[in-house]
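To start, the structure itself, in structure tokens.
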Amino acid sequence: MTSSTELAVIVLAAGQGTRMRSRIPKILHAVGGRPLVGHVLDTAASLDPSRIVVVVRHERDLVAETVTELAPGVVIVDQDEIPGTGRAVEAALTALEGFVGDVLVLSGDVPLLESHTLTELIETHRSGGTAVTLLTARVDDPRGYGRVIRDDVDGVRRIVEQKDATAEEAAVTEINVGVYVFQATPLRDQLGRVGTANAQGEKYLTDVVALLREAELGVAASVTGDAAAALGVNDRIQLSEAGRTLNARTVRYWQREGVTVIDPATTWIDVTAVLAPDVTLLPNTHVRGATVIAAGATVGPDTSLVDCEVGEDATITRTDATLAVVEAGATVGPFAYLRANARVGVNGKVGTFVEVKNSSIGEGSKVPHLSYIGDTEIGRHVNLGAGAITANYDDITKHRTVIGDEVHSGSHNVFVAPVTIGDGAKTGAGAVIRKDVPAGALALSVAPQRNIEGWVEKNRPGTGAADVAARARGEQEARDGS
Ligand code: UD1
Ligand code: CA
């Protein structure tokens, strides 16, 4: 390879994205769990260029910080007050002084292009020897995009922006994707000649195409076969469309890897999630962030997992979980809420209407019904009765509850932390456990039950309750008497 085939990538990320009507810059809005510009940076990096330059201006610090986090090696360049994609590229070129290779220009708001599309574009460009090769797409609805105007022999003459187009030009359905490979030197030369005399008063990068053509330096265009992947995000409608397109791609990827997805349309998988073969995802399931799901696990329906770890053959049903670990063979839900640092051990169970936070539930242990478990350590083979509440907060600080192995608690217990329940201990129904329970003890805190015979007939005479009680007592006495 000669030095002339060295590759630099410029990512345009200085715009505001007015049509988003948002507090945050458009390119920081996310699809598939990653900012738009993050997808572009990933694709750029996959091409292994010698340099990546990102142009910033709107919300400069926020964008620069996010970009540096997502792609540590990139060069950040500031655009000045002159607006337009042409000005942005001009700014980027100041960081590429002396560079004579190929310059790939990508837009921070075109997130779904795949690397093979760009590799092919670069190959076309290099074999054609033209000053620019641009990526175009044929679409049904070209509104909002620059139109590609060709001459009689189908060569690209120029690109006209929607706002500058005549009715005839606007009817053209071949659009400029906003992705180009330029030879660095003619790009640099022609950019200097681009003005701002257009409907938007901007320095358009697209004007370079006509200038290169006039200078007879060669203009080529490559029509992409995957128009959906080439579409930019300008408003929230396109944001959701891009999200859906990306998700469909992600779902198909995991299906090919051996994951069963019953309903791709309602199953959302972030690009950062990792799934093993024989995972089953039921409808309306969201697998988000750094979630990892092991083989044989079944998740859903109606479940959201954010940054969770799910073990082999675990089952999670109608559950909301964030930063939780569900170990192999465990079952969670329906209607469970796992919060940060919840761990359900091997073959453990968290059942219906149970909330768990910053707690560890040991191997084979069960919290089956209607419970709140917070700041708690539960040993192995424990069974907590329905309605277990760990009262972890005394208005000032949080305290821990420690429950040993093989503990069985009665229904409707309150564990007032800090408190420790020894191995093998049992607690009675309705107990409020304020003191530690030694290993093997039975803890009772409820006074013995007292029945006051005839109370209703005496104190509520003439009521329905008194009538049926009197009848029941009469029948009982008759049976006892006979
Ligand atoms: C641009 C193209 C249009 C193409 C479309 C494809 C121009 C003049 N038009 O239009 O032909 O069909 O993309 O999506 O290039 N940006 C900067 N600095 C600026 C302005 C924009 O860095 O001063 C960045 C934006 O952050 C964005 C990208 O350039 O990432 C495109 O800008 P945008 O304003 O969305 O251009 P479009 O009107 O979509
Ligand atoms: Ca755009």
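Residues in the structure tokens are named by chain (A, B, ... in the order shown) and by number from 1 within that chain; ligands are numbered from 1 in the order shown.
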Wanna dump the chain A-ligand 2 contacts at 12 Å for me, each residue with its shortest atom pair and the distance in Å to one decimal, counting only C-alpha atoms and all ligand atoms, ordered by chain and number, as CSV?
residue,atom,partner,partner_atom_place_in_ligand_line,distance
A:Leu12,CA,ligand 2,1 (Ca),10.0
A:Ala13,CA,ligand 2,1 (Ca),10.3
A:Ala14,CA,ligand 2,1 (Ca),11.4
A:Gly15,CA,ligand 2,1 (Ca),8.9
A:Gln16,CA,ligand 2,1 (Ca),10.3
A:Gly17,CA,ligand 2,1 (Ca),7.7
A:Thr18,CA,ligand 2,1 (Ca),10.3
A:Arg19,CA,ligand 2,1 (Ca),9.6
A:Met20,CA,ligand 2,1 (Ca),10.8
A:Lys26,CA,ligand 2,1 (Ca),9.6
A:Ile27,CA,ligand 2,1 (Ca),9.9
A:Leu36,CA,ligand 2,1 (Ca),11.6
A:Gly84,CA,ligand 2,1 (Ca),11.2
A:Thr85,CA,ligand 2,1 (Ca),9.9
A:Leu106,CA,ligand 2,1 (Ca),10.8
A:Ser107,CA,ligand 2,1 (Ca),7.4
A:Gly108,CA,ligand 2,1 (Ca),8.4
A:Asp109,CA,ligand 2,1 (Ca),5.9
A:Val110,CA,ligand 2,1 (Ca),7.3
A:Pro111,CA,ligand 2,1 (Ca),10.7
A:Arg143,CA,ligand 2,1 (Ca),11.5
A:Gly144,CA,ligand 2,1 (Ca),8.2
A:Tyr145,CA,ligand 2,1 (Ca),7.7
A:Gly146,CA,ligand 2,1 (Ca),9.6
A:Glu161,CA,ligand 2,1 (Ca),11.3
A:Gln162,CA,ligand 2,1 (Ca),11.7
A:Ile175,CA,ligand 2,1 (Ca),11.8
A:Asn176,CA,ligand 2,1 (Ca),10.3
A:Val177,CA,ligand 2,1 (Ca),8.8
A:Gly178,CA,ligand 2,1 (Ca),7.7
A:Val179,CA,ligand 2,1 (Ca),10.9
A:Ala230,CA,ligand 2,1 (Ca),10.9
A:Leu231,CA,ligand 2,1 (Ca),8.5
A:Gly232,CA,ligand 2,1 (Ca),5.3
A:Val233,CA,ligand 2,1 (Ca),6.0
A:Asn234,CA,ligand 2,1 (Ca),5.2
A:Asp235,CA,ligand 2,1 (Ca),9.0
A:Gln238,CA,ligand 2,1 (Ca),10.3
A:Leu239,CA,ligand 2,1 (Ca),11.3
Give me the residues within 12 Å of stretch 428-431 of chain A as a tab-separated table (two decimals) with N, CA, C and O atoms, in the first residue's frame, counting only C-alpha atoms and dropping any in the same chain fewer than 2 places off.
chain	number	residue	atom	x	y	z
A	384	LEU	N	-38.76	-17.96	53.36
A	384	LEU	CA	-39.44	-16.89	54.08
A	384	LEU	C	-40.92	-16.96	53.73
A	384	LEU	O	-41.29	-17.04	52.56
A	385	GLY	N	-41.76	-16.93	54.76
A	385	GLY	CA	-43.20	-17.00	54.54
A	385	GLY	C	-43.71	-15.76	53.83
A	385	GLY	O	-43.01	-14.74	53.72
A	386	ALA	N	-44.95	-15.84	53.36
A	386	ALA	CA	-45.54	-14.71	52.63
A	386	ALA	C	-45.48	-13.45	53.47
A	386	ALA	O	-45.68	-13.49	54.68
A	387	GLY	N	-45.20	-12.35	52.84
A	387	GLY	CA	-45.26	-11.07	53.53
A	387	GLY	C	-44.06	-10.78	54.43
A	387	GLY	O	-44.21	-10.10	55.44
A	388	ALA	N	-42.89	-11.27	54.07
A	388	ALA	CA	-41.68	-10.97	54.86
A	388	ALA	C	-41.21	-9.56	54.53
A	388	ALA	O	-41.05	-9.21	53.36
A	389	ILE	N	-40.99	-8.77	55.57
A	389	ILE	CA	-40.50	-7.41	55.36
A	389	ILE	C	-39.23	-7.22	56.16
A	389	ILE	O	-39.22	-7.43	57.37
A	390	THR	N	-38.16	-6.79	55.51
A	390	THR	CA	-36.98	-6.38	56.27
A	390	THR	C	-37.09	-4.87	56.44
A	390	THR	O	-37.08	-4.12	55.47
A	407	VAL	N	-33.27	-21.45	57.53
A	407	VAL	CA	-34.23	-20.71	58.36
A	407	VAL	C	-35.61	-20.77	57.69
A	407	VAL	O	-35.70	-20.65	56.46
A	408	HIS	N	-36.67	-20.98	58.50
A	408	HIS	CA	-38.04	-20.88	57.96
A	408	HIS	C	-38.77	-19.81	58.75
A	408	HIS	O	-38.84	-19.90	59.97
A	409	SER	N	-39.29	-18.82	58.06
A	409	SER	CA	-40.03	-17.81	58.80
A	409	SER	C	-41.52	-17.98	58.55
A	409	SER	O	-41.94	-18.42	57.48
A	410	GLY	N	-42.32	-17.64	59.57
A	410	GLY	CA	-43.76	-17.70	59.41
A	410	GLY	C	-44.23	-16.56	58.51
A	410	GLY	O	-43.46	-15.66	58.16
A	411	SER	N	-45.52	-16.59	58.17
A	411	SER	CA	-46.05	-15.54	57.31
A	411	SER	C	-46.05	-14.20	58.02
A	411	SER	O	-46.15	-14.15	59.25
A	412	HIS	N	-45.93	-13.16	57.27
A	412	HIS	CA	-46.11	-11.81	57.76
A	412	HIS	C	-45.16	-11.47	58.91
A	412	HIS	O	-45.57	-11.05	59.99
A	413	ASN	N	-43.90	-11.65	58.65
A	413	ASN	CA	-42.87	-11.29	59.63
A	413	ASN	C	-42.24	-9.95	59.26
A	413	ASN	O	-42.11	-9.63	58.08
A	414	VAL	N	-41.88	-9.21	60.30
A	414	VAL	CA	-41.06	-8.02	60.08
A	414	VAL	C	-39.72	-8.25	60.76
A	414	VAL	O	-39.68	-8.59	61.95
A	415	PHE	N	-38.64	-8.09	60.02
A	415	PHE	CA	-37.30	-8.21	60.59
A	415	PHE	C	-36.76	-6.81	60.77
A	415	PHE	O	-36.47	-6.11	59.79
A	416	VAL	N	-36.69	-6.34	62.01
A	416	VAL	CA	-36.29	-4.97	62.27
A	416	VAL	C	-34.76	-4.92	62.39
A	416	VAL	O	-34.19	-5.34	63.39
A	425	ALA	N	-33.09	-21.61	62.53
A	425	ALA	CA	-34.12	-21.01	63.39
A	425	ALA	C	-35.46	-20.94	62.67
A	425	ALA	O	-35.52	-21.02	61.45
A	426	LYS	N	-36.53	-20.80	63.49
A	426	LYS	CA	-37.86	-20.63	62.91
A	426	LYS	C	-38.54	-19.45	63.60
A	426	LYS	O	-38.23	-19.14	64.75
A	433	ILE	N	-39.58	-9.33	64.52
A	433	ILE	CA	-38.31	-9.80	65.07
A	433	ILE	C	-37.39	-8.61	65.31
A	433	ILE	O	-36.84	-8.04	64.37
A	434	ARG	N	-37.29	-8.20	66.58
A	434	ARG	CA	-36.47	-7.03	66.93
A	434	ARG	C	-35.14	-7.44	67.54
A	434	ARG	O	-34.23	-6.64	67.65
A	435	LYS	N	-35.10	-8.71	68.06
A	435	LYS	CA	-33.88	-9.18	68.71
A	435	LYS	C	-33.32	-10.36	67.91
A	435	LYS	O	-34.07	-11.07	67.24
A	437	VAL	N	-32.15	-13.94	66.84
A	437	VAL	CA	-32.71	-15.25	67.15
A	437	VAL	C	-31.56	-16.26	67.10
A	437	VAL	O	-30.88	-16.37	66.08
A	441	ALA	N	-33.54	-21.78	67.38
A	441	ALA	CA	-34.63	-21.32	68.25
A	441	ALA	C	-35.91	-21.10	67.45
A	441	ALA	O	-35.89	-20.93	66.24
A	442	LEU	N	-37.05	-21.11	68.16
A	442	LEU	CA	-38.32	-20.67	67.57
A	442	LEU	C	-38.62	-19.31	68.17
A	442	LEU	O	-38.70	-19.17	69.39
A	443	ALA	N	-38.79	-18.31	67.36
A	443	ALA	CA	-39.06	-16.96	67.86
A	443	ALA	C	-40.53	-16.63	67.67
A	443	ALA	O	-41.06	-16.73	66.57
A	444	LEU	N	-41.18	-16.26	68.77
A	444	LEU	CA	-42.59	-15.86	68.71
A	444	LEU	C	-42.68	-14.47	69.31
A	444	LEU	O	-42.10	-14.19	70.34
A	445	SER	N	-43.42	-13.58	68.70
A	445	SER	CA	-43.54	-12.26	69.30
A	445	SER	C	-44.98	-11.83	69.38
A	445	SER	O	-45.30	-10.74	69.79
A	446	VAL	N	-45.89	-12.72	69.01
A	446	VAL	CA	-47.31	-12.36	69.02
A	446	VAL	C	-47.94	-12.96	70.27
A	446	VAL	O	-47.71	-14.11	70.60
A	447	ALA	N	-48.76	-12.19	71.02
A	447	ALA	CA	-49.42	-12.68	72.24
A	447	ALA	C	-50.35	-13.83	71.88
A	447	ALA	O	-50.94	-13.84	70.80
A	448	PRO	N	-50.53	-14.81	72.83
A	448	PRO	CA	-51.41	-15.95	72.53
A	448	PRO	C	-52.82	-15.45	72.23
A	448	PRO	O	-53.27	-14.46	72.79
Item checked: Test item, strand (DSSP E) assignment across stretch 283-379 of chain A, answer as a PyMOL selection string -> chain A and resi 285-288+292-293+298-299+303-306+309-310+315-316+319-322+324-326+331-332+336-338+342-344+349-357+359-361+366-374+376-378
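Atom 23 (O, counted along the ligand's line) of ligand 1 to atom CA of A:Asn198 spans 13.9 Å [interatomic distance, one decimal].
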Item checked: Residues within 10 Å of stretch 48-54 of chain A, only C-alpha atoms, excluding chain neighbours under 5 positions, as a PyMOL selection string -> chain A and resi 6-14+37+41+43+63-64+67-68+71+73-79+88-89+91-96+101-108
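When only C-alpha atoms are used to compute distances to A:Gly129, the closest of the residues A:Ala295, A:Ala199, A:Ala273, A:Val181 turns out to be A:Val181.
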Next item on the list: as number ranges by chain, please: all residues of stretch 271-482 of chain A that backbone DSSP puts in helix (DSSP H, G or I).
Entry: A: 455-459, 464-481
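For the choices A:Leu47, A:Leu187, A:Val209, A:Val100, the atom-to-atom distance to ligand 1 is smallest for A:Val209 when using only C-alpha atoms and all ligand atoms.
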